file my_file_8.pdb (PDB, C-alpha atoms and all ligand atoms)
ATOM      1  CA  SER A   1       0.000   0.000   0.000
ATOM      2  CA  PHE A   2       0.965   3.646  -0.353
ATOM      3  CA  ALA A   3       1.777   4.397   3.256
ATOM      4  CA  SER A   4       3.049   2.115   5.922
ATOM      5  CA  LYS A   5       0.343   0.989   8.338
ATOM      6  CA  LYS A   6       1.173   2.900  11.436
ATOM      7  CA  TYR A   7      -1.664   1.846  13.685
ATOM      8  CA  THR A   8      -3.381  -1.487  14.209
ATOM      9  CA  ILE A   9      -7.032  -1.513  15.211
ATOM     10  CA  GLY A  10      -8.394  -4.651  16.829
ATOM     11  CA  PHE A  11     -12.100  -5.246  16.288
ATOM     12  CA  SER A  12     -13.858  -7.691  18.567
ATOM     13  CA  GLN A  13     -17.176  -8.501  16.891
ATOM     14  CA  CYS A  14     -19.699 -10.194  19.175
ATOM     15  CA  GLY A  15     -22.094 -11.752  16.777
ATOM     16  CA  GLN A  16     -22.426 -14.472  14.301
ATOM     17  CA  ARG A  17     -21.730 -13.582  10.722
ATOM     18  CA  ASP A  18     -25.246 -12.402  10.008
ATOM     19  CA  ASN A  19     -25.888  -9.857   7.288
ATOM     20  CA  TRP A  20     -26.155  -6.927   9.666
ATOM     21  CA  ARG A  21     -22.732  -7.694  11.176
ATOM     22  CA  LEU A  22     -21.247  -8.279   7.713
ATOM     23  CA  LYS A  23     -22.548  -4.870   6.691
ATOM     24  CA  MET A  24     -20.825  -3.322   9.707
ATOM     25  CA  GLU A  25     -17.528  -4.959   8.748
ATOM     26  CA  ALA A  26     -17.877  -3.984   5.075
ATOM     27  CA  GLU A  27     -18.465  -0.365   6.110
ATOM     28  CA  MET A  28     -15.314  -0.480   8.219
ATOM     29  CA  GLU A  29     -13.218  -1.926   5.393
ATOM     30  CA  ARG A  30     -14.519   0.665   2.965
ATOM     31  CA  GLU A  31     -13.789   3.555   5.301
ATOM     32  CA  LEU A  32     -10.289   2.175   5.923
ATOM     33  CA  LEU A  33      -9.469   2.896   2.267
ATOM     34  CA  TYR A  34      -9.374   6.552   3.256
ATOM     35  CA  HIS A  35      -7.047   5.918   6.192
ATOM     36  CA  PRO A  36      -3.915   4.356   4.721
ATOM     37  CA  ASP A  37      -2.114   4.446   8.059
ATOM     38  CA  LEU A  38      -4.702   2.194   9.736
ATOM     39  CA  SER A  39      -5.006  -1.575   9.537
ATOM     40  CA  ILE A  40      -7.562  -3.808  11.228
ATOM     41  CA  ILE A  41      -7.679  -7.275  12.764
ATOM     42  CA  ILE A  42     -11.232  -8.608  13.116
ATOM     43  CA  LYS A  43     -12.245 -11.419  15.458
ATOM     44  CA  GLN A  44     -15.782 -12.782  15.643
ATOM     45  CA  ALA A  45     -16.991 -14.265  18.910
ATOM     46  CA  LEU A  46     -20.055 -15.990  17.411
ATOM     47  CA  ASP A  47     -22.440 -14.785  20.134
ATOM     48  CA  ASP A  48     -20.332 -16.284  22.915
ATOM     49  CA  SER A  49     -19.139 -13.993  25.693
ATOM     50  CA  LYS A  50     -16.393 -16.365  26.833
ATOM     51  CA  THR A  51     -14.966 -16.560  23.325
ATOM     52  CA  GLN A  52     -15.093 -12.796  23.147
ATOM     53  CA  LEU A  53     -13.098 -12.461  26.396
ATOM     54  CA  GLU A  54     -10.398 -14.727  24.944
ATOM     55  CA  GLN A  55     -10.360 -12.872  21.649
ATOM     56  CA  ILE A  56      -9.960  -9.503  23.351
ATOM     57  CA  ASP A  57      -6.913 -10.943  25.135
ATOM     58  CA  GLU A  58      -5.567 -12.271  21.833
ATOM     59  CA  LEU A  59      -5.956  -8.826  20.302
ATOM     60  CA  LEU A  60      -4.097  -7.311  23.265
ATOM     61  CA  ASN A  61      -1.257  -9.735  22.608
ATOM     62  CA  GLN A  62      -1.165  -8.615  18.994
ATOM     63  CA  ASP A  63      -0.165  -5.119  20.151
ATOM     64  CA  ILE A  64      -3.213  -3.279  18.958
ATOM     65  CA  ASP A  65      -3.221   0.526  19.225
ATOM     66  CA  LEU A  66      -6.975   0.784  19.633
ATOM     67  CA  LEU A  67      -9.846  -1.613  20.324
ATOM     68  CA  ILE A  68     -13.257  -1.410  18.711
ATOM     69  CA  VAL A  69     -15.636  -3.784  20.433
ATOM     70  CA  SER A  70     -19.265  -4.753  20.130
ATOM     71  CA  PRO A  71     -19.720  -6.346  23.569
ATOM     72  CA  ASN A  72     -21.810  -9.499  23.317
ATOM     73  CA  GLU A  73     -23.253  -9.148  26.812
ATOM     74  CA  ILE A  74     -22.871  -6.303  29.289
ATOM     75  CA  ASN A  75     -21.458  -8.091  32.305
ATOM     76  CA  PRO A  76     -19.148 -10.889  31.176
ATOM     77  CA  VAL A  77     -17.276  -8.735  28.666
ATOM     78  CA  GLN A  78     -17.020  -5.613  30.790
ATOM     79  CA  LYS A  79     -13.929  -6.725  32.770
ATOM     80  CA  ALA A  80     -11.918  -7.512  29.634
ATOM     81  CA  ILE A  81     -12.780  -4.140  28.129
ATOM     82  CA  GLU A  82     -11.850  -2.283  31.309
ATOM     83  CA  LYS A  83      -8.519  -4.101  31.337
ATOM     84  CA  VAL A  84      -7.723  -2.854  27.821
ATOM     85  CA  TYR A  85      -8.771   0.681  28.688
ATOM     86  CA  LYS A  86      -6.710   0.720  31.877
ATOM     87  CA  LYS A  87      -3.640  -0.259  29.866
ATOM     88  CA  GLY A  88      -4.017   3.060  28.065
ATOM     89  CA  ILE A  89      -5.399   1.553  24.860
ATOM     90  CA  PRO A  90      -8.383   3.564  23.591
ATOM     91  CA  VAL A  91     -11.654   1.620  23.399
ATOM     92  CA  ILE A  92     -14.555   2.373  21.057
ATOM     93  CA  LEU A  93     -17.793   0.584  21.870
ATOM     94  CA  ILE A  94     -20.001  -0.061  18.876
ATOM     95  CA  ASP A  95     -23.696  -1.056  18.777
ATOM     96  CA  ARG A  96     -23.718  -2.432  22.326
ATOM     97  CA  ARG A  97     -22.561  -0.927  25.619
ATOM     98  CA  ILE A  98     -21.039  -1.938  28.924
ATOM     99  CA  ASP A  99     -22.098  -0.713  32.346
ATOM    100  CA  SER A 100     -18.970   1.339  33.069
ATOM    101  CA  ASP A 101     -17.207   4.557  32.118
ATOM    102  CA  TYR A 102     -13.983   2.814  31.149
ATOM    103  CA  TYR A 103     -14.266   3.386  27.424
ATOM    104  CA  THR A 104     -13.143   6.159  25.120
ATOM    105  CA  ALA A 105     -16.146   6.534  22.815
ATOM    106  CA  TYR A 106     -19.441   4.922  21.902
ATOM    107  CA  ILE A 107     -20.970   4.776  18.420
ATOM    108  CA  GLY A 108     -24.237   3.158  17.467
ATOM    109  CA  GLY A 109     -27.852   3.491  16.465
ATOM    110  CA  ASP A 110     -30.172   4.996  19.041
ATOM    111  CA  ASN A 111     -31.776   1.871  20.483
ATOM    112  CA  TYR A 112     -33.968   3.723  22.969
ATOM    113  CA  GLU A 113     -35.336   5.813  20.102
ATOM    114  CA  ILE A 114     -35.952   2.633  18.085
ATOM    115  CA  GLY A 115     -38.134   1.314  20.904
ATOM    116  CA  ARG A 116     -39.990   4.616  21.155
ATOM    117  CA  PHE A 117     -40.521   4.774  17.384
ATOM    118  CA  ALA A 118     -41.943   1.234  17.426
ATOM    119  CA  ALA A 119     -44.479   2.187  20.113
ATOM    120  CA  GLU A 120     -45.465   5.436  18.379
ATOM    121  CA  TYR A 121     -45.796   3.683  15.035
ATOM    122  CA  ILE A 122     -47.940   0.884  16.444
ATOM    123  CA  GLY A 123     -49.988   3.432  18.380
ATOM    124  CA  GLY A 124     -50.666   5.409  15.220
ATOM    125  CA  LYS A 125     -51.790   2.267  13.403
ATOM    126  CA  LEU A 126     -54.122   1.163  16.225
ATOM    127  CA  ASP A 127     -55.597   4.552  17.114
ATOM    128  CA  TYR A 128     -53.710   4.272  20.384
ATOM    129  CA  LYS A 129     -55.786   1.410  21.728
ATOM    130  CA  GLY A 130     -55.271  -2.348  21.753
ATOM    131  CA  ASN A 131     -52.995  -5.087  22.996
ATOM    132  CA  VAL A 132     -49.444  -5.504  21.792
ATOM    133  CA  LEU A 133     -46.825  -8.230  22.161
ATOM    134  CA  GLU A 134     -43.077  -7.704  22.547
ATOM    135  CA  ILE A 135     -40.493 -10.164  21.209
ATOM    136  CA  GLN A 136     -37.289  -9.165  22.921
ATOM    137  CA  GLY A 137     -33.693  -9.963  22.092
ATOM    138  CA  ALA A 138     -31.330 -11.103  24.818
ATOM    139  CA  MET A 139     -31.856  -8.771  27.755
ATOM    140  CA  THR A 140     -28.247  -9.260  28.862
ATOM    141  CA  MET A 141     -27.315  -7.107  25.859
ATOM    142  CA  SER A 142     -27.648  -3.352  26.000
ATOM    143  CA  ALA A 143     -29.269  -2.949  22.575
ATOM    144  CA  ALA A 144     -32.183  -5.127  23.686
ATOM    145  CA  VAL A 145     -32.529  -3.461  27.083
ATOM    146  CA  GLU A 146     -32.623  -0.011  25.482
ATOM    147  CA  ARG A 147     -35.152  -1.063  22.832
ATOM    148  CA  SER A 148     -37.411  -2.473  25.522
ATOM    149  CA  ASN A 149     -37.112   0.616  27.720
ATOM    150  CA  GLY A 150     -37.888   2.978  24.849
ATOM    151  CA  PHE A 151     -40.844   0.839  23.772
ATOM    152  CA  ASN A 152     -42.430   0.517  27.200
ATOM    153  CA  ASP A 153     -41.743   4.123  28.230
ATOM    154  CA  ALA A 154     -43.546   5.347  25.123
ATOM    155  CA  LEU A 155     -46.450   2.905  25.562
ATOM    156  CA  ALA A 156     -46.907   4.259  29.099
ATOM    157  CA  ASN A 157     -48.122   7.533  27.534
ATOM    158  CA  TYR A 158     -51.197   5.769  26.126
ATOM    159  CA  SER A 159     -53.424   4.156  28.724
ATOM    160  CA  LYS A 160     -55.345   2.041  26.202
ATOM    161  CA  LEU A 161     -52.293   0.707  24.422
ATOM    162  CA  LYS A 162     -51.088  -2.259  26.453
ATOM    163  CA  ASN A 163     -48.056  -4.498  26.272
ATOM    164  CA  VAL A 164     -49.715  -7.725  27.392
ATOM    165  CA  TYR A 165     -47.101 -10.373  26.574
ATOM    166  CA  LYS A 166     -43.309 -10.360  26.492
ATOM    167  CA  ILE A 167     -41.227 -13.108  24.930
ATOM    168  CA  HIS A 168     -37.558 -13.232  25.761
ATOM    169  CA  SER A 169     -35.229 -14.591  23.101
ATOM    170  CA  PHE A 170     -31.516 -14.792  22.493
ATOM    171  CA  TRP A 171     -32.281 -13.465  19.004
ATOM    172  CA  ASN A 172     -32.963 -17.104  18.129
ATOM    173  CA  GLU A 173     -36.166 -17.856  16.352
ATOM    174  CA  ASN A 174     -36.909 -21.443  17.443
ATOM    175  CA  ILE A 175     -38.386 -20.408  20.768
ATOM    176  CA  LEU A 176     -41.292 -18.661  19.007
ATOM    177  CA  ALA A 177     -42.927 -21.924  17.897
ATOM    178  CA  ASP A 178     -44.290 -22.477  21.424
ATOM    179  CA  SER A 179     -44.181 -19.090  23.115
ATOM    180  CA  LEU A 180     -45.965 -17.135  20.421
ATOM    181  CA  PRO A 181     -49.075 -19.344  20.138
ATOM    182  CA  SER A 182     -49.334 -19.430  23.906
ATOM    183  CA  GLY A 183     -49.235 -15.611  24.010
ATOM    184  CA  PHE A 184     -52.045 -15.487  21.457
ATOM    185  CA  ASN A 185     -54.044 -18.131  23.320
ATOM    186  CA  GLN A 186     -53.930 -16.016  26.455
ATOM    187  CA  HIS A 187     -54.604 -12.767  24.584
ATOM    188  CA  PRO A 188     -56.503 -13.504  21.368
ATOM    189  CA  ASP A 189     -57.024  -9.774  20.881
ATOM    190  CA  ILE A 190     -53.332  -8.949  20.330
ATOM    191  CA  LYS A 191     -53.193  -6.458  17.478
ATOM    192  CA  ALA A 192     -49.501  -5.750  17.045
ATOM    193  CA  ILE A 193     -46.044  -7.241  17.501
ATOM    194  CA  PHE A 194     -42.799  -5.420  18.082
ATOM    195  CA  ALA A 195     -39.902  -7.794  17.367
ATOM    196  CA  PHE A 196     -36.402  -6.629  18.243
ATOM    197  CA  ASN A 197     -35.039  -7.505  14.821
ATOM    198  CA  ASP A 198     -36.386  -8.308  11.362
ATOM    199  CA  ASP A 199     -35.410 -11.983  11.570
ATOM    200  CA  LEU A 200     -37.522 -12.424  14.694
ATOM    201  CA  ALA A 201     -40.365 -10.496  13.051
ATOM    202  CA  SER A 202     -40.301 -12.751   9.999
ATOM    203  CA  ASP A 203     -40.171 -15.890  12.143
ATOM    204  CA  ALA A 204     -43.119 -14.606  14.170
ATOM    205  CA  VAL A 205     -45.101 -14.172  10.969
ATOM    206  CA  ASP A 206     -44.175 -17.726   9.900
ATOM    207  CA  VAL A 207     -45.307 -19.200  13.209
ATOM    208  CA  LEU A 208     -48.565 -17.257  13.210
ATOM    209  CA  LYS A 209     -49.379 -18.343   9.667
ATOM    210  CA  LYS A 210     -49.708 -21.867  10.992
ATOM    211  CA  HIS A 211     -51.784 -20.966  14.025
ATOM    212  CA  THR A 212     -54.115 -18.007  13.690
ATOM    213  CA  ASN A 213     -55.302 -15.492  11.230
ATOM    214  CA  TYR A 214     -52.502 -12.983  11.443
ATOM    215  CA  SER A 215     -53.375 -11.006   8.351
ATOM    216  CA  ASP A 216     -54.348  -7.736   9.979
ATOM    217  CA  LEU A 217     -51.626  -7.734  12.613
ATOM    218  CA  VAL A 218     -49.198  -4.847  12.716
ATOM    219  CA  VAL A 219     -45.694  -6.350  12.761
ATOM    220  CA  VAL A 220     -42.678  -4.111  13.321
ATOM    221  CA  GLY A 221     -39.062  -5.287  13.118
ATOM    222  CA  VAL A 222     -35.646  -3.660  13.364
ATOM    223  CA  ASP A 223     -32.499  -3.498  11.150
ATOM    224  CA  GLY A 224     -33.925  -2.590   7.734
ATOM    225  CA  LEU A 225     -31.310  -4.314   5.613
ATOM    226  CA  ALA A 226     -31.626  -4.081   1.826
ATOM    227  CA  THR A 227     -30.578  -7.725   1.354
ATOM    228  CA  PRO A 228     -32.934 -10.183  -0.438
ATOM    229  CA  LYS A 229     -34.453 -11.426   2.835
ATOM    230  CA  GLY A 230     -33.836  -8.219   4.779
ATOM    231  CA  GLY A 231     -36.382  -5.902   6.335
ATOM    232  CA  ILE A 232     -36.758  -3.639   3.303
ATOM    233  CA  SER A 233     -37.768  -6.591   1.104
ATOM    234  CA  MET A 234     -40.164  -7.809   3.770
ATOM    235  CA  VAL A 235     -41.862  -4.428   3.867
ATOM    236  CA  GLU A 236     -41.987  -4.395   0.046
ATOM    237  CA  ASN A 237     -43.641  -7.805  -0.140
ATOM    238  CA  GLY A 238     -45.929  -7.192   2.821
ATOM    239  CA  THR A 239     -44.473  -9.845   5.145
ATOM    240  CA  ILE A 240     -44.055  -7.239   7.873
ATOM    241  CA  THR A 241     -45.686  -3.839   8.309
ATOM    242  CA  ALA A 242     -42.598  -1.804   9.093
ATOM    243  CA  THR A 243     -38.912  -2.005   9.886
ATOM    244  CA  ILE A 244     -36.835   0.475  11.830
ATOM    245  CA  ILE A 245     -33.408   1.109  10.351
ATOM    246  CA  TYR A 246     -30.565   0.229  12.699
ATOM    247  CA  PRO A 247     -27.394   1.819  11.324
ATOM    248  CA  THR A 248     -24.276  -0.253  12.005
ATOM    249  CA  GLY A 249     -21.892   2.615  12.739
ATOM    250  CA  GLY A 250     -19.030   0.727  11.032
ATOM    251  CA  LYS A 251     -17.877   3.659   8.943
ATOM    252  CA  GLU A 252     -18.164   6.141  11.809
ATOM    253  CA  ALA A 253     -16.232   3.845  14.173
ATOM    254  CA  ILE A 254     -13.200   4.002  11.868
ATOM    255  CA  GLN A 255     -13.538   7.775  11.558
ATOM    256  CA  ILE A 256     -13.583   8.136  15.344
ATOM    257  CA  ALA A 257     -10.669   5.695  15.678
ATOM    258  CA  SER A 258      -8.614   7.838  13.321
ATOM    259  CA  LYS A 259      -9.438  10.986  15.297
ATOM    260  CA  ILE A 260      -8.462   9.340  18.571
ATOM    261  CA  LEU A 261      -5.187   7.965  17.174
ATOM    262  CA  HIS A 262      -4.277  11.365  15.722
ATOM    263  CA  ASN A 263      -5.205  13.262  18.879
ATOM    264  CA  LYS A 264      -7.998  15.130  17.162
ATOM    265  CA  PRO A 265     -11.168  16.177  18.992
ATOM    266  CA  PHE A 266     -14.038  13.658  19.038
ATOM    267  CA  ASN A 267     -17.316  13.129  20.877
ATOM    268  CA  LYS A 268     -17.555  10.438  23.534
ATOM    269  CA  ASN A 269     -21.158   9.513  22.809
ATOM    270  CA  ASN A 270     -22.295   9.223  19.217
ATOM    271  CA  LEU A 271     -25.880   8.186  18.518
ATOM    272  CA  LEU A 272     -26.895   7.597  14.929
ATOM    273  CA  PRO A 273     -30.403   8.616  13.887
ATOM    274  CA  THR A 274     -32.958   6.049  12.804
ATOM    275  CA  VAL A 275     -36.153   6.015  10.743
ATOM    276  CA  VAL A 276     -39.267   3.856  10.334
ATOM    277  CA  ILE A 277     -39.762   2.311   6.897
ATOM    278  CA  ASP A 278     -43.232   1.137   5.902
ATOM    279  CA  LYS A 279     -45.119   0.936   2.624
ATOM    280  CA  THR A 280     -45.422   4.734   2.419
ATOM    281  CA  ASN A 281     -41.659   5.307   2.086
ATOM    282  CA  VAL A 282     -40.187   1.930   1.142
ATOM    283  CA  LYS A 283     -39.970   2.781  -2.553
ATOM    284  CA  THR A 284     -37.812   5.862  -1.935
ATOM    285  CA  THR A 285     -35.718   3.872   0.492
ATOM    286  CA  ARG A 286     -35.107   1.142  -2.070
ATOM    287  CA  LEU A 287     -34.082   3.709  -4.685
ATOM    288  CA  GLN A 288     -31.693   5.336  -2.232
ATOM    289  CA  TYR A 289     -30.181   1.986  -1.296
ATOM    290  CA  ASN A 290     -29.727   1.147  -4.988
ATOM    291  CA  HIS A 291     -28.000   4.463  -5.510
ATOM    292  CA  ILE A 292     -25.688   3.887  -2.541
ATOM    293  CA  GLU A 293     -24.936   0.428  -3.904
ATOM    294  CA  THR A 294     -23.721   1.842  -7.243
ATOM    295  CA  LEU A 295     -21.602   4.445  -5.420
ATOM    296  CA  GLN A 296     -20.043   1.680  -3.361
ATOM    297  CA  GLN A 297     -19.281  -0.318  -6.488
ATOM    298  CA  ASP A 298     -17.579   2.775  -7.904
ATOM    299  CA  ILE A 299     -15.485   3.050  -4.751
ATOM    300  CA  ASP A 300     -14.471  -0.593  -5.071
ATOM    301  CA  ARG A 301     -13.535  -0.033  -8.722
ATOM    302  CA  SER A 302     -11.425   2.987  -7.768
ATOM    303  CA  LYS A 303      -9.711   0.882  -5.148
ATOM    304  CA  ASN A 304      -8.863  -1.820  -7.687
ATOM    305  CA  MET A 305      -7.548   0.781 -10.097
ATOM    306  CA  LEU A 306      -5.366   2.344  -7.414
ATOM    307  CA  GLU A 307      -3.965  -1.052  -6.547
ATOM    308  CA  LYS A 308      -3.118  -1.726 -10.199
ATOM    309  CA  LEU A 309      -1.478   1.674 -10.537
ATOM    310  CA  GLU A 310       0.564   1.046  -7.434
ATOM    311  CA  GLU A 311       1.738  -2.320  -8.775
ATOM    312  CA  GLN A 312       2.828  -0.661 -12.011
ATOM    313  CA  TYR A 313       4.550   2.090 -10.078
ATOM    314  CA  GLN A 314       6.404  -0.396  -7.921
ATOM    315  CA  SER A 315       7.637  -2.480 -10.845
ATOM    316  CA  GLN A 316       8.719   0.642 -12.752
ATOM    317  CA  LYS A 317      10.527   1.861  -9.642
ATOM    318  CA  THR A 318      12.371  -1.456  -9.480
ATOM    319  CA  LEU A 319      13.315  -1.206 -13.158
ATOM    320  CA  LEU A 320      14.537   2.319 -12.621
ATOM    321  CA  LEU A 321      16.645   1.290  -9.651
ATOM    322  CA  ILE A 322      18.182  -1.508 -11.681
ATOM    323  CA  ALA A 323      18.890   0.908 -14.549
ATOM    324  CA  VAL A 324      20.484   3.457 -12.244
ATOM    325  CA  SER A 325      22.697   0.879 -10.584
ATOM    326  CA  LEU A 326      23.988  -0.454 -13.915
TER     327      LEU A 326
HETATM  328  C1  LIG A 401     -27.203  -8.665  14.632
HETATM  329  C2  LIG A 401     -28.178  -8.166  15.649
HETATM  330  C3  LIG A 401     -29.177  -7.278  14.971
HETATM  331  C4  LIG A 401     -29.605  -6.409  16.091
HETATM  332  C5  LIG A 401     -28.284  -6.171  16.773
HETATM  333  C6  LIG A 401     -28.386  -5.762  18.196
HETATM  334  O1  LIG A 401     -26.235  -9.507  15.177
HETATM  335  O2  LIG A 401     -28.792  -9.235  16.290
HETATM  336  O3  LIG A 401     -30.217  -7.968  14.368
HETATM  337  O4  LIG A 401     -30.248  -5.275  15.658
HETATM  338  O5  LIG A 401     -27.562  -7.354  16.631
HETATM  339  O6  LIG A 401     -27.144  -5.586  18.804
END
call {"tool": "encode", "arguments": {"input": "my_file_8.pdb", "output": "structure tokens"}}
result
Amino acid sequence: SFASKKYTIGFSQCGQRDNWRLKMEAEMERELLYHPDLSIIIKQALDDSKTQLEQIDELLNQDIDLLIVSPNEINPVQKAIEKVYKKGIPVILIDRRIDSDYYTAYIGGDNYEIGRFAAEYIGGKLDYKGNVLEIQGAMTMSAAVERSNGFNDALANYSKLKNVYKIHSFWNENILADSLPSGFNQHPDIKAIFAFNDDLASDAVDVLKKHTNYSDLVVVGVDGLATPKGGISMVENGTITATIIYPTGGKEAIQIASKILHNKPFNKNNLLPTVVIDKTNVKTTRLQYNHIETLQQDIDRSKNMLEKLEEQYQSQKTLLLIAVSL
């Protein structure tokens, strides 16, 4: 590459390689093109806090200059993160938080706002009366806790809008096969579902298809990916009513990392805005995503061209050196 890599960033990714996490990593890689002095080592903990602890230690041993970490769960991972921070290595939390001040910066979508938006959206659809059901993610993870708080705080403003059934999940769908029908048996008048991500929302719809007439339910998910089975497609084809975009913060994390490493000013807490996508705005959203996609392809083409040019430059330099030394 053009410049020597001066700084190594370690990225401890909590999750499995789902599309949302892959998007985060792709955004990081793309942003890194503009920071030739930064390199990155990525480790994925596959939703296991113990693995993540070990991987954070491995990254420490690889002499990283900065750690970006999406903590799988608040408590188990906290100690490892504090250890890194106390060694004087800056720590950027992304997407999920820990319960301590020992970090340098946070970047992520506003999960509390996502919960609030879900409640307001469902309220609007139901004239602010009716029973709703909440399908949570793992409540040992900050993103899920914040989504639930935002959702229930907002519902509390409407006395006739009631959260009558909560299902706890580890973001894994299989538990819905039993828990969802039993929620509907106890409360046949449930009118809306807020699922903490689009995958859970789509699985809920699948389960309900087999059990009750779900057709006029309001189903809201989170993530809003533009992938073939992502939230945007599900809104387009009517599988779910709405999705709330959860930005990954991958690009911004690298930008903040660069600022920290170059002693430039940065904000400690960085919340990315979010938006509800339903059938009224999904078409515009799809067009925008398509446009972004072509821009990204252009960036990738520029990158390839630069790499080719550099190869040519290097081989010509070698030839020149040989010529000069003759
Ligand atoms: C992906 C994911 C997303 C969710 C986020 C919460 O691994 O489960 O679906 O929005 O993590 O941290």
call {"tool": "residues_around", "arguments": {"input": "my_file_8.pdb", "residues": "A:Tyr158", "least_positions_apart": "5", "cutoff": "9 Å", "atoms": "only C-alpha atoms", "output": "NGL selection string"}}
result
:A and (123 or 128-129)
call {"tool": "residues_near_ligand", "arguments": {"input": "my_file_8.pdb", "ligand": "ligand LIG 401 (chain A)", "cutoff": "10 Å", "atoms": "all atoms listed in the file", "output": "PyMOL selection string"}}
result
chain A and resi 13-24+46-47+70-73+94-97+108-109+111+137-138+141-144+147+170-172+196-200+221-225+244-248
call {"tool": "resolve_selection", "arguments": {"input": "my_file_8.pdb", "expression": "the PyMOL selection byres (((chain A and resi 56-69) around 10) and not hetatm)", "output": "VMD selection string"}}
result
chain A and resid 6 to 14 38 to 43 45 51 to 55 70 to 72 77 80 to 81 83 to 85 87 to 97 103 to 107 250 253 to 254 257 to 258 260 to 261
call {"tool": "resolve_selection", "arguments": {"input": "my_file_8.pdb", "expression": "the PyMOL selection byres (((chain A and resi 285-297) around 10) and not hetatm)", "output": "PDB file with C-alpha atoms, in the coordinates of the input"}}
result
ATOM      1  CA  GLU A  27     -18.465  -0.365   6.110  1.00  0.00           C
ATOM      2  CA  ARG A  30     -14.519   0.665   2.965  1.00  0.00           C
ATOM      3  CA  GLY A 224     -33.925  -2.590   7.734  1.00  0.00           C
ATOM      4  CA  LEU A 225     -31.310  -4.314   5.613  1.00  0.00           C
ATOM      5  CA  ALA A 226     -31.626  -4.081   1.826  1.00  0.00           C
ATOM      6  CA  ILE A 232     -36.758  -3.639   3.303  1.00  0.00           C
ATOM      7  CA  SER A 233     -37.768  -6.591   1.104  1.00  0.00           C
ATOM      8  CA  GLU A 236     -41.987  -4.395   0.046  1.00  0.00           C
ATOM      9  CA  ILE A 277     -39.762   2.311   6.897  1.00  0.00           C
ATOM     10  CA  ASP A 278     -43.232   1.137   5.902  1.00  0.00           C
ATOM     11  CA  THR A 280     -45.422   4.734   2.419  1.00  0.00           C
ATOM     12  CA  ASN A 281     -41.659   5.307   2.086  1.00  0.00           C
ATOM     13  CA  VAL A 282     -40.187   1.930   1.142  1.00  0.00           C
ATOM     14  CA  LYS A 283     -39.970   2.781  -2.553  1.00  0.00           C
ATOM     15  CA  THR A 284     -37.812   5.862  -1.935  1.00  0.00           C
ATOM     16  CA  ASP A 298     -17.579   2.775  -7.904  1.00  0.00           C
ATOM     17  CA  ILE A 299     -15.485   3.050  -4.751  1.00  0.00           C
ATOM     18  CA  ASP A 300     -14.471  -0.593  -5.071  1.00  0.00           C
ATOM     19  CA  ARG A 301     -13.535  -0.033  -8.722  1.00  0.00           C
ATOM     20  CA  SER A 302     -11.425   2.987  -7.768  1.00  0.00           C
ATOM     21  CA  LYS A 303      -9.711   0.882  -5.148  1.00  0.00           C
TER      22      LYS A 303
END
call {"tool": "resolve_selection", "arguments": {"input": "my_file_8.pdb", "expression": "the PyMOL selection byres (((chain A and resi 161) around 9) and not hetatm)", "output": "count of residues only"}}
result
16
call {"tool": "axis_aligned_box", "arguments": {"input": "my_file_8.pdb", "around": "stretch 164-183 of chain A", "padding_each_side": "6 Å", "output": "lines of an AutoDock Vina configuration file"}}
result
center_x = -40.6
center_y = -15.1
center_z = 21.9
size_x = 30.2
size_y = 26.8
size_z = 23.0
call {"tool": "build_atoms", "arguments": {"input": "my_file_8.pdb", "residues": "stretch 153-160 of chain A", "atoms": "N, CA, C and O atoms", "output": "PDB file, keeping the file's coordinate frame"}}
result
ATOM      1  N   ASP A 153     -41.575   2.733  27.784  1.00  0.00           N
ATOM      2  CA  ASP A 153     -41.743   4.123  28.230  1.00  0.00           C
ATOM      3  C   ASP A 153     -42.748   4.853  27.342  1.00  0.00           C
ATOM      4  O   ASP A 153     -43.594   5.606  27.821  1.00  0.00           O
ATOM      5  N   ALA A 154     -42.638   4.651  26.042  1.00  0.00           N
ATOM      6  CA  ALA A 154     -43.546   5.347  25.123  1.00  0.00           C
ATOM      7  C   ALA A 154     -44.970   4.812  25.255  1.00  0.00           C
ATOM      8  O   ALA A 154     -45.936   5.579  25.238  1.00  0.00           O
ATOM      9  N   LEU A 155     -45.102   3.486  25.403  1.00  0.00           N
ATOM     10  CA  LEU A 155     -46.450   2.905  25.562  1.00  0.00           C
ATOM     11  C   LEU A 155     -47.141   3.473  26.811  1.00  0.00           C
ATOM     12  O   LEU A 155     -48.366   3.645  26.832  1.00  0.00           O
ATOM     13  N   ALA A 156     -46.346   3.772  27.831  1.00  0.00           N
ATOM     14  CA  ALA A 156     -46.907   4.259  29.099  1.00  0.00           C
ATOM     15  C   ALA A 156     -47.662   5.583  28.913  1.00  0.00           C
ATOM     16  O   ALA A 156     -48.478   5.966  29.751  1.00  0.00           O
ATOM     17  N   ASN A 157     -47.396   6.282  27.802  1.00  0.00           N
ATOM     18  CA  ASN A 157     -48.122   7.533  27.534  1.00  0.00           C
ATOM     19  C   ASN A 157     -49.546   7.291  27.056  1.00  0.00           C
ATOM     20  O   ASN A 157     -50.343   8.232  26.971  1.00  0.00           O
ATOM     21  N   TYR A 158     -49.869   6.056  26.697  1.00  0.00           N
ATOM     22  CA  TYR A 158     -51.197   5.769  26.126  1.00  0.00           C
ATOM     23  C   TYR A 158     -51.865   4.686  26.965  1.00  0.00           C
ATOM     24  O   TYR A 158     -51.494   3.511  26.882  1.00  0.00           O
ATOM     25  N   SER A 159     -52.865   5.087  27.736  1.00  0.00           N
ATOM     26  CA  SER A 159     -53.424   4.156  28.724  1.00  0.00           C
ATOM     27  C   SER A 159     -54.149   2.976  28.071  1.00  0.00           C
ATOM     28  O   SER A 159     -54.294   1.920  28.687  1.00  0.00           O
ATOM     29  N   LYS A 160     -54.606   3.137  26.830  1.00  0.00           N
ATOM     30  CA  LYS A 160     -55.345   2.041  26.202  1.00  0.00           C
ATOM     31  C   LYS A 160     -54.482   1.144  25.316  1.00  0.00           C
ATOM     32  O   LYS A 160     -54.981   0.192  24.726  1.00  0.00           O
TER      33      LYS A 160
END
